[in-house]
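Enquirer: I have a structure I would like to understand better, so I am pasting it below and will then ask my questions one at a time.
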Amino acid sequence: MTEQNIRWNEYYRESQPAARKRVLERLLGEGPDDGADAFRKLLYKSRYTDEKDPGNEVDLFLYECVNLIQIFHMGRLFRKRAQKELAMTGQRFCLEAAEQYGPVGEEALYRELRNTVKRYFRTCTSSGYRRGTFGLVGSSAEEKKRQMVKDAWEMSTGVTRKYGREDAFRVWNRAVREELFSGDPEAEQLFRDYEAKQADH
Amino acid sequence: MEKIKQIPIVKKLGFNRIVLFAIMILMYIIFCATIPGFFGPGRIMSILNYAYFLGFLALGVTFVIATGGIDFSIGPVMFCCALMAGYTFGTYHIPMVLAMLMSVAIGFLFGLFNGFMVSFIGIPPFIISMASMNIAKGIASVYTKTQSVQWPQSASDGGWFRNIVKVGGFPVGLVVFICVVVILYIILNGTKAGRYILCLGSNREAVRLSGVNVKKWMMLAYVICGTLVGIAALYYVAAYTTVQPGSGDQYNNEAIASCVMGGTSMVGGLASIGGTVLGTFIISLLQEGILAYRLGKDIQLIITGLIVIVFVYLDVSARRRKS
Amino acid sequence: MKKMMATLMCAALVGSLVSAPVFAETNLSGDTTEGIAQFDGLKANEAYDFQIVVKSFQSTYWQAALQGMDQAAEELGVTYTAQGPNSESDIADQVNMLNSAINGAPAGIGLAACDTASVLESLQAAKDAGIPVVAFDTGIADAPEGSVAATVVTDNSAAGAVAGEKIYEAVKDMVADGQIRIGEINQDATALNIQQRGTGFINKIIELATADGYTVAVVGNEFYVNAVESTASEADANIILEVSVPAQTTVELCAAEASAMLNKEDLVAIFGSNQTAAEGLLAANANIGVLGNGVIGVGFDAGSTIKAAVADGTMLGAVTQSPLMMGYYCIYALTAAANGQELIDVPTDGYWYDASNMDAEEIAPNLYD
């Protein structure tokens with residue numbers, strides 16, 4: 001990691017939007033621009049701004065995590081529609097815009113997406129996550145982990161492969177995988193197993 | 001099995017649904033073969049009469065299950081709607097149109113109540129639906145002074161409401177049912193509201209943090225359910241005329257069984273309108289077959305109960321296995 | 001309506017002709033010789049198969065009915081299948097069974113309707129399909145014209161009236177001492193036979209009380225209150241007649257209603273208008289022991305519980321129907337209808353029995369277990 005990146009660690013470690021804004025503004029004001037500052041601003045705006053209701057605190061990237069899973073499950077009858085939605089997600093993630101900023105931009109995008117996925121995985125530990133049988137039975141930590149891995153696969157490899165957009169979403173897929181693997185060694189194995197199973201279908 | 005799954009039409013429509021459809025056709029063929037006179041319009045109309053109200057119940061509860069909750073009050077609320085609206089019609093002589101709207105409105109209010117309790121107050125859906133169930137039974141009983149209520153015969157004043165089922169020989173009910181199914185399908189799969197409902201069933205916390213007003217959308221699911229229950233009440237009385245206070249529980253099981261058979265996940269986040277419809281028809285067909293074999297109500301209750309158990313088991317073990 | 005009139009006329013005509021043992025004074029419709037005579041020499045044109053839909057198999061009453069059916073079926077060389085819902089309040093289930101029976105296109109259908117309003121559409125369907133229907137145990141008011149070939153029932157109004165008469169006899173002297181309460185437990189307010197019995201009982205009490213110059217206030221279940229005419233308000237009446245109907249037709253729920261009534265201070269007599277209600281009454285009495293001991297109890301139908309109570313004096317007596325006869329003539333009527341014969345109704349007998357006449361020749365066979 002370059003020195004620039006170490007500078008930005010704090011920004012990417014934080015998960016609360018308000019706190020992140022403060023850090024962002026501070027770092028933008030402070031130090032030298034590594035070429036991706038404008039892009040980081042763009043990403044922040046894309047992620048945390050609700051166009052219709054500026055006062056509302058949102059996290060649209062986090063929403064896309066859940067949305068992508070639904071897009072994955074869309075029936076074959078809706079193929080065209082799914083493609084469109086996936087494209088919209090890609091736009092929100094600023095995937096194309098990243099290319100203008102080169103490798104620095106890609107790095108910034110990668111870290112932003114990893115931050116998103118980390119926030120998502122944290123929600124998977126809440127008690128309301130995947131309660132079984134109509135919400136009557138809580139899930140064990142083991143089951144939650146399995147579900148989390150399944151979610152991770154569906155929202156990354158699953159949906160992008162299904163609609164042939166793996167290349168366009170490569171940064172996203174990498175972010176999801178690496179965030180998942182870094183957190184828990186067992187998760188990697190579960191992921192590989194699940195992927196192998198899906199390949200059989 | 002895998003080869004079958006690769007066939008384009010199977011992939012397009014979904015393996016589960018094809019299996020359900022095949023089961024339904026198979027059942028029908030077996031019944032026609034072993035029961036003299038089963039094949040024919042008479043039996044089909046009977047099956048449809050049962051499928052209408054059960055279908056509306058099942059479709060309603062599909063939305064609730066999609067959010068990760070459950071609603072056990074649908075049967076008693078259906079009875080409550082039918083009882084209160086019917087009693088008002090019979091005693092205060094309001095126009096039939098108003099009585100029908102009243103039935104839907106009462107269902108809507110119960111949906112509002114359930115939804116409010118679950119999303120805003122935070123009571124677990126299981127608990128509140130049990131409470132609603134008893135409240136519905138109680139209110140109906142008090143309102144009708146524990147009498148049973150009869151809706152008018154077709155020849156009587158107000159009896160035109162039976163046209164919602166059929167006019168002459170034409171199955172109006174089927175047309176209505178299909179229209180409602182299409183509308184619900186579009187709501188669930190094609191609108192923002194439906195997407196939010198599915199998403200919050202999938203991971204409520206993430207959706208909440210992302211800034212979506214989870215409470216509003218969760219309540220909407222319950223309101224949709226309640227409204228459909230109110231409509232189901234009308235089809236129930238069109239078939240059976242008389243409703244008695246204090247019952248209705250058995251239809252809960254059948255509606256939920258139809259729903260889970262159809263592929264709606266009990267964990268939330270995944271729902272299938274088409275699957276629910278197929279499930280409903282299978283249960284209706286099953287009931288007609290059991291009646292024709294003269295096996296008795298108990299067999300039907302056992303089978304329906306078993307269906308729920310089997311699907312819960314499959315769902316639970318699939319979650320354990322999937323990794 | 002026409003059938004009801006025919007029934008009443010026959011009853012009036014024949015009641016005096018036939019020597020009705022023991023109950024000549026009770027005015028129950030005696031054997032209508034015309035009704036039975038229509039079956040003289042009846043032979044089934046084919047080995048018909050009939051569908052019978054009973055109210056339920058909840059009480060042994062229906063077992064007795066089936067016995068009668070078995071006998072008739074054997075004599076005529078026809079067959080039948082009987083089905084019924086789990087309880088007499090499972091109206092929807094019975095409608096389903098009836099519709100299924102109609103769809104099966106049998107030679108004829110015998111029906112004991114749990115709720116008369118809910119079967120009317122089905123009866124029209126049966127008529128359109130050309131399937132003759134015989135109503136037994138309970139009549140079907142407002143049945144579509146021509147859909148019911150014959151009705152084989154007890155004159156339920158008269159049966160209720162007999163119970164009313166017996167109770168009034170026993171309590172009329174108590175009125176002078178103050179306001180008294182008479183209770184009635186009806187298992188439902190939906191089946192015509194129960195409705196007729198309940199209102200028959202009430203109307204008889206009102207009639208006899210009025211003749212003696214007393215007033216009656218009817219309170220309780222809305223249906224029955226509205227079906228009769230009280231002659232005074234609850235506060236002023238000499239006799240309060242309280243009617244209870246449980247939410248479902250089970251012995252337990254009837255017992256709960258009876259219990260509430262038995263605990264009332266001014267209760268002097270109570271009537272249970274069918275086997276389920278009377279058994280509920282006895283169940284409620286099991287812990288309190290007031291029946292036969294301050295409170296007069298009258299039941300209906302038979303069954304081992306009620307018979308025992310009548311025999312040992314817990315109950316003053318009861319009115320039994322003849323389920324055997326009803327079942328028997330139901331099959332006969334179905335066979336005749338399937339043959340294409342035009343039928344008239346067949347009223348069957350009801351008998352008052354108490355400890356003194358339980359073993360009498362005419363009564364005993366109807367006291368099923």
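We label chains A, B, ... in the order they appear in the structure tokens, count residues from 1 in each chain, and number ligands from 1 in the order shown.
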Could you write out, as a PyMOL selection string, all the residues of stretch 202-364 of chain C that DSSP marks as alpha helix (DSSP H)?
Expert: chain C and resi 202-211+222-227+251-262+275-288+304-312+323-339
Enquirer: Do a neighbour search on stretch 104-118 of chain B at 7 Å with only C-alpha atoms, toss out local chain neighbours closer than 4 positions, and write the hits as a list in words.
Expert: Val77, Cys81, Met100, Gly122, Ile123, Pro124, Pro125, Ile128, Ser129, Met218, Met219, Tyr222, Val223, Cys225, Gly226, Thr227, Val229, Gly230 and Ile231 of chain B
Enquirer: Can you work out which residues from chain A touch chain B at a cut-off of 8 Å (counting only C-alpha atoms) and hand them back as a ChimeraX atom specification?
Expert: /A:56-63,66-67,70,73,75-77,120,123-124,126,128-136,143,146-147,149-150,190-191,193-194,201
Enquirer: Could you name the residues that touch stretch 233-241 of chain C at 12 Å or less, counting only C-alpha atoms, but leaving out those on the same chain fewer than 2 positions away, as a ChimeraX atom specification?
Expert: /C:164,167-168,171-185,198-199,201-206,208-210,212-221,224-225,228-231,243-244,261,264,266-271
Enquirer: If we count only C-alpha atoms, what is near stretch 169-178 of chain B at a cut-off of 10 Å, once residues fewer than 2 positions away on the same chain are taken out, given as a list in words?
Expert: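 Residues meeting the cut-off are Pro41, Met45, Leu48, Asn49, Ala51, Tyr52, Phe53, Gly55, Phe56, Arg162, Asn163, Ile164, Val165, Lys166, Val167, Val180, Val181, Val182, Ile183, Leu184, Tyr235 and Val277 of chain B.
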Enquirer: Residues near stretch 65-70 of chain C, anyone? I mean within 12 Å using only C-alpha atoms, not counting same-chain ones fewer than 4 positions away, as a ChimeraX atom specification.
Expert: /C:50-57,59-61,74-84,110,112,136-137,152-153,321-335,365-369
Enquirer: Return the neighbours of chain B among the residues of chain C, cut-off 10 Å, counting only C-alpha atoms, as a ChimeraX atom specification.
Expert: /C:81-86,89-105,115-122,125,188-190,220-223,245-248
Enquirer: Give me a file of those residues, with N, CA and C atoms, as a CSV table (one decimal), in the first residue's frame.
Expert:
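Okay, this is what ended up in part09.csv:
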```
chain,number,residue,atom,x,y,z
C,81,THR,N,-74.1,-45.1,1.2
C,81,THR,CA,-72.9,-44.7,2.0
C,81,THR,C,-73.3,-43.4,2.8
C,82,ALA,N,-72.9,-43.4,4.0
C,82,ALA,CA,-73.2,-42.3,4.9
C,82,ALA,C,-71.9,-41.5,5.2
C,83,GLN,N,-72.0,-40.2,5.1
C,83,GLN,CA,-70.9,-39.4,5.6
C,83,GLN,C,-71.4,-38.2,6.3
C,84,GLY,N,-70.6,-37.6,7.1
C,84,GLY,CA,-71.0,-36.5,7.8
C,84,GLY,C,-69.8,-35.7,8.4
C,85,PRO,N,-70.0,-34.4,8.7
C,85,PRO,CA,-68.8,-33.7,9.2
C,85,PRO,C,-68.5,-34.1,10.7
C,86,ASN,N,-67.4,-33.6,11.2
C,86,ASN,CA,-67.0,-33.9,12.5
C,86,ASN,C,-68.0,-33.4,13.6
C,89,SER,N,-71.7,-28.3,13.8
C,89,SER,CA,-71.5,-26.9,13.5
C,89,SER,C,-70.5,-26.7,12.3
C,90,ASP,N,-70.0,-27.8,11.8
C,90,ASP,CA,-69.1,-27.7,10.6
C,90,ASP,C,-69.9,-27.6,9.4
C,91,ILE,N,-70.6,-26.4,9.2
C,91,ILE,CA,-71.5,-26.2,8.1
C,91,ILE,C,-70.8,-26.3,6.8
C,92,ALA,N,-69.6,-25.7,6.7
C,92,ALA,CA,-68.9,-25.7,5.4
C,92,ALA,C,-68.5,-27.1,5.0
C,93,ASP,N,-68.1,-27.9,5.9
C,93,ASP,CA,-67.7,-29.2,5.6
C,93,ASP,C,-68.9,-30.0,5.0
C,94,GLN,N,-70.1,-29.8,5.6
C,94,GLN,CA,-71.2,-30.5,5.2
C,94,GLN,C,-71.6,-30.1,3.8
C,95,VAL,N,-71.5,-28.8,3.5
C,95,VAL,CA,-71.8,-28.3,2.2
C,95,VAL,C,-70.9,-29.0,1.1
C,96,ASN,N,-69.6,-29.0,1.5
C,96,ASN,CA,-68.6,-29.7,0.6
C,96,ASN,C,-69.0,-31.1,0.4
C,97,MET,N,-69.4,-31.8,1.4
C,97,MET,CA,-69.8,-33.2,1.3
C,97,MET,C,-71.0,-33.4,0.4
C,98,LEU,N,-72.0,-32.5,0.6
C,98,LEU,CA,-73.2,-32.5,-0.2
C,98,LEU,C,-72.9,-32.3,-1.6
C,99,ASN,N,-72.1,-31.3,-1.9
C,99,ASN,CA,-71.7,-31.0,-3.3
C,99,ASN,C,-71.0,-32.1,-3.9
C,100,SER,N,-70.1,-32.7,-3.2
C,100,SER,CA,-69.4,-33.8,-3.7
C,100,SER,C,-70.3,-35.0,-4.0
C,101,ALA,N,-71.3,-35.2,-3.1
C,101,ALA,CA,-72.3,-36.3,-3.3
C,101,ALA,C,-73.0,-36.0,-4.6
C,102,ILE,N,-73.4,-34.7,-4.8
C,102,ILE,CA,-74.2,-34.4,-6.0
C,102,ILE,C,-73.4,-34.7,-7.2
C,103,ASN,N,-72.1,-34.3,-7.2
C,103,ASN,CA,-71.2,-34.5,-8.3
C,103,ASN,C,-71.0,-36.0,-8.6
C,104,GLY,N,-71.2,-36.8,-7.6
C,104,GLY,CA,-71.1,-38.2,-7.8
C,104,GLY,C,-72.3,-38.9,-8.5
C,105,ALA,N,-73.3,-38.0,-8.8
C,105,ALA,CA,-74.5,-38.5,-9.5
C,105,ALA,C,-75.0,-39.8,-8.9
C,115,ASP,N,-77.4,-26.7,8.5
C,115,ASP,CA,-77.9,-25.3,8.4
C,115,ASP,C,-78.7,-25.2,7.1
C,116,THR,N,-79.9,-24.9,7.2
C,116,THR,CA,-80.8,-25.0,6.1
C,116,THR,C,-80.4,-24.0,5.0
C,117,ALA,N,-80.0,-22.8,5.4
C,117,ALA,CA,-79.7,-21.7,4.4
C,117,ALA,C,-78.5,-22.1,3.5
C,118,SER,N,-77.5,-22.8,4.0
C,118,SER,CA,-76.3,-23.1,3.3
C,118,SER,C,-76.5,-24.2,2.2
C,119,VAL,N,-77.5,-25.0,2.3
C,119,VAL,CA,-77.7,-26.0,1.4
C,119,VAL,C,-78.6,-25.7,0.2
C,120,LEU,N,-79.2,-24.6,0.3
C,120,LEU,CA,-80.3,-24.3,-0.7
C,120,LEU,C,-79.7,-24.3,-2.2
C,121,GLU,N,-78.5,-23.6,-2.3
C,121,GLU,CA,-77.9,-23.6,-3.7
C,121,GLU,C,-77.6,-25.0,-4.1
C,122,SER,N,-77.1,-25.8,-3.2
C,122,SER,CA,-76.8,-27.2,-3.6
C,122,SER,C,-78.0,-28.0,-4.0
C,125,ALA,N,-78.9,-27.3,-7.4
C,125,ALA,CA,-78.0,-28.1,-8.3
C,125,ALA,C,-78.4,-29.5,-8.4
C,188,ASP,N,-78.0,-25.1,18.7
C,188,ASP,CA,-77.7,-24.1,17.7
C,188,ASP,C,-79.0,-23.3,17.3
C,189,ALA,N,-78.9,-22.4,16.5
C,189,ALA,CA,-80.1,-21.6,16.0
C,189,ALA,C,-80.1,-21.7,14.5
C,190,THR,N,-79.5,-22.7,13.9
C,190,THR,CA,-79.4,-22.7,12.5
C,190,THR,C,-80.2,-23.9,11.8
C,220,GLY,N,-82.3,-14.0,26.3
C,220,GLY,CA,-81.2,-14.8,25.9
C,220,GLY,C,-80.9,-14.7,24.4
C,221,ASN,N,-80.7,-15.8,23.8
C,221,ASN,CA,-80.3,-15.8,22.4
C,221,ASN,C,-81.2,-15.1,21.5
C,222,GLU,N,-80.7,-14.1,20.7
C,222,GLU,CA,-81.5,-13.2,19.9
C,222,GLU,C,-82.4,-14.0,19.0
C,223,PHE,N,-82.0,-15.0,18.4
C,223,PHE,CA,-82.8,-15.7,17.4
C,223,PHE,C,-84.1,-16.1,18.0
C,245,VAL,N,-77.7,-20.5,23.7
C,245,VAL,CA,-77.2,-21.3,22.5
C,245,VAL,C,-75.6,-21.2,22.5
C,246,PRO,N,-74.9,-22.3,22.6
C,246,PRO,CA,-73.4,-22.2,22.7
C,246,PRO,C,-72.9,-21.8,21.3
C,247,ALA,N,-71.6,-21.5,21.3
C,247,ALA,CA,-71.0,-21.1,20.0
C,247,ALA,C,-70.8,-22.2,19.0
C,248,GLN,N,-70.6,-23.4,19.6
C,248,GLN,CA,-70.4,-24.6,18.7
C,248,GLN,C,-71.3,-25.7,19.3
```
Enquirer: Which neighbours of stretch 134-137 of chain B fall inside 6 Å, counting only C-alpha atoms, when residues of the same chain fewer than 2 positions from it are skipped, and could you give them as a list in words?
Expert: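 The filter keeps Pro76, Val77, Cys80, Ala131, Ser132, Ile139, Ala140 and Gly246 of chain B.
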Enquirer: List every residue of stretch 25-124 of chain C that DSSP, applied to the backbone, labels as strand (DSSP E), and write the result as a ChimeraX atom specification.
Expert: /C:49-53,79-83,108-111
Enquirer: Set the distance at 8 Å and use only C-alpha atoms: which residues neighbour B:Gly248 once local chain neighbours fewer than 6 positions away are removed? I'd like the list as a VMD selection string.
Expert: chain B and resid 75 to 76 78 to 79
Enquirer: Using only C-alpha atoms, which of the listed residues (B:Ala255, B:Ile186, B:Val19, B:Leu101) sits closest to B:Leu57?
Expert: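 For B:Leu57, the nearest of the given residues is B:Ala255.
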Enquirer: Quote the spacing between atom CA of C:Gln38 and atom CA of C:Trp352 in Å to one decimal place.
Expert: 27.1 Å
Enquirer: In Å, with one decimal, what is the gap from atom CA of A:Lys21 to atom CA of A:Ser182?
Expert: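 These atoms are spaced 25.7 Å apart.
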Enquirer: When you draw a straight line from atom CA of A:Ala175 to atom CA of A:Glu25, how long is it in Å?
Expert: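 Taking atom CA of A:Ala175 as the start and atom CA of A:Glu25 as the end point, the length is 24.4 Å.
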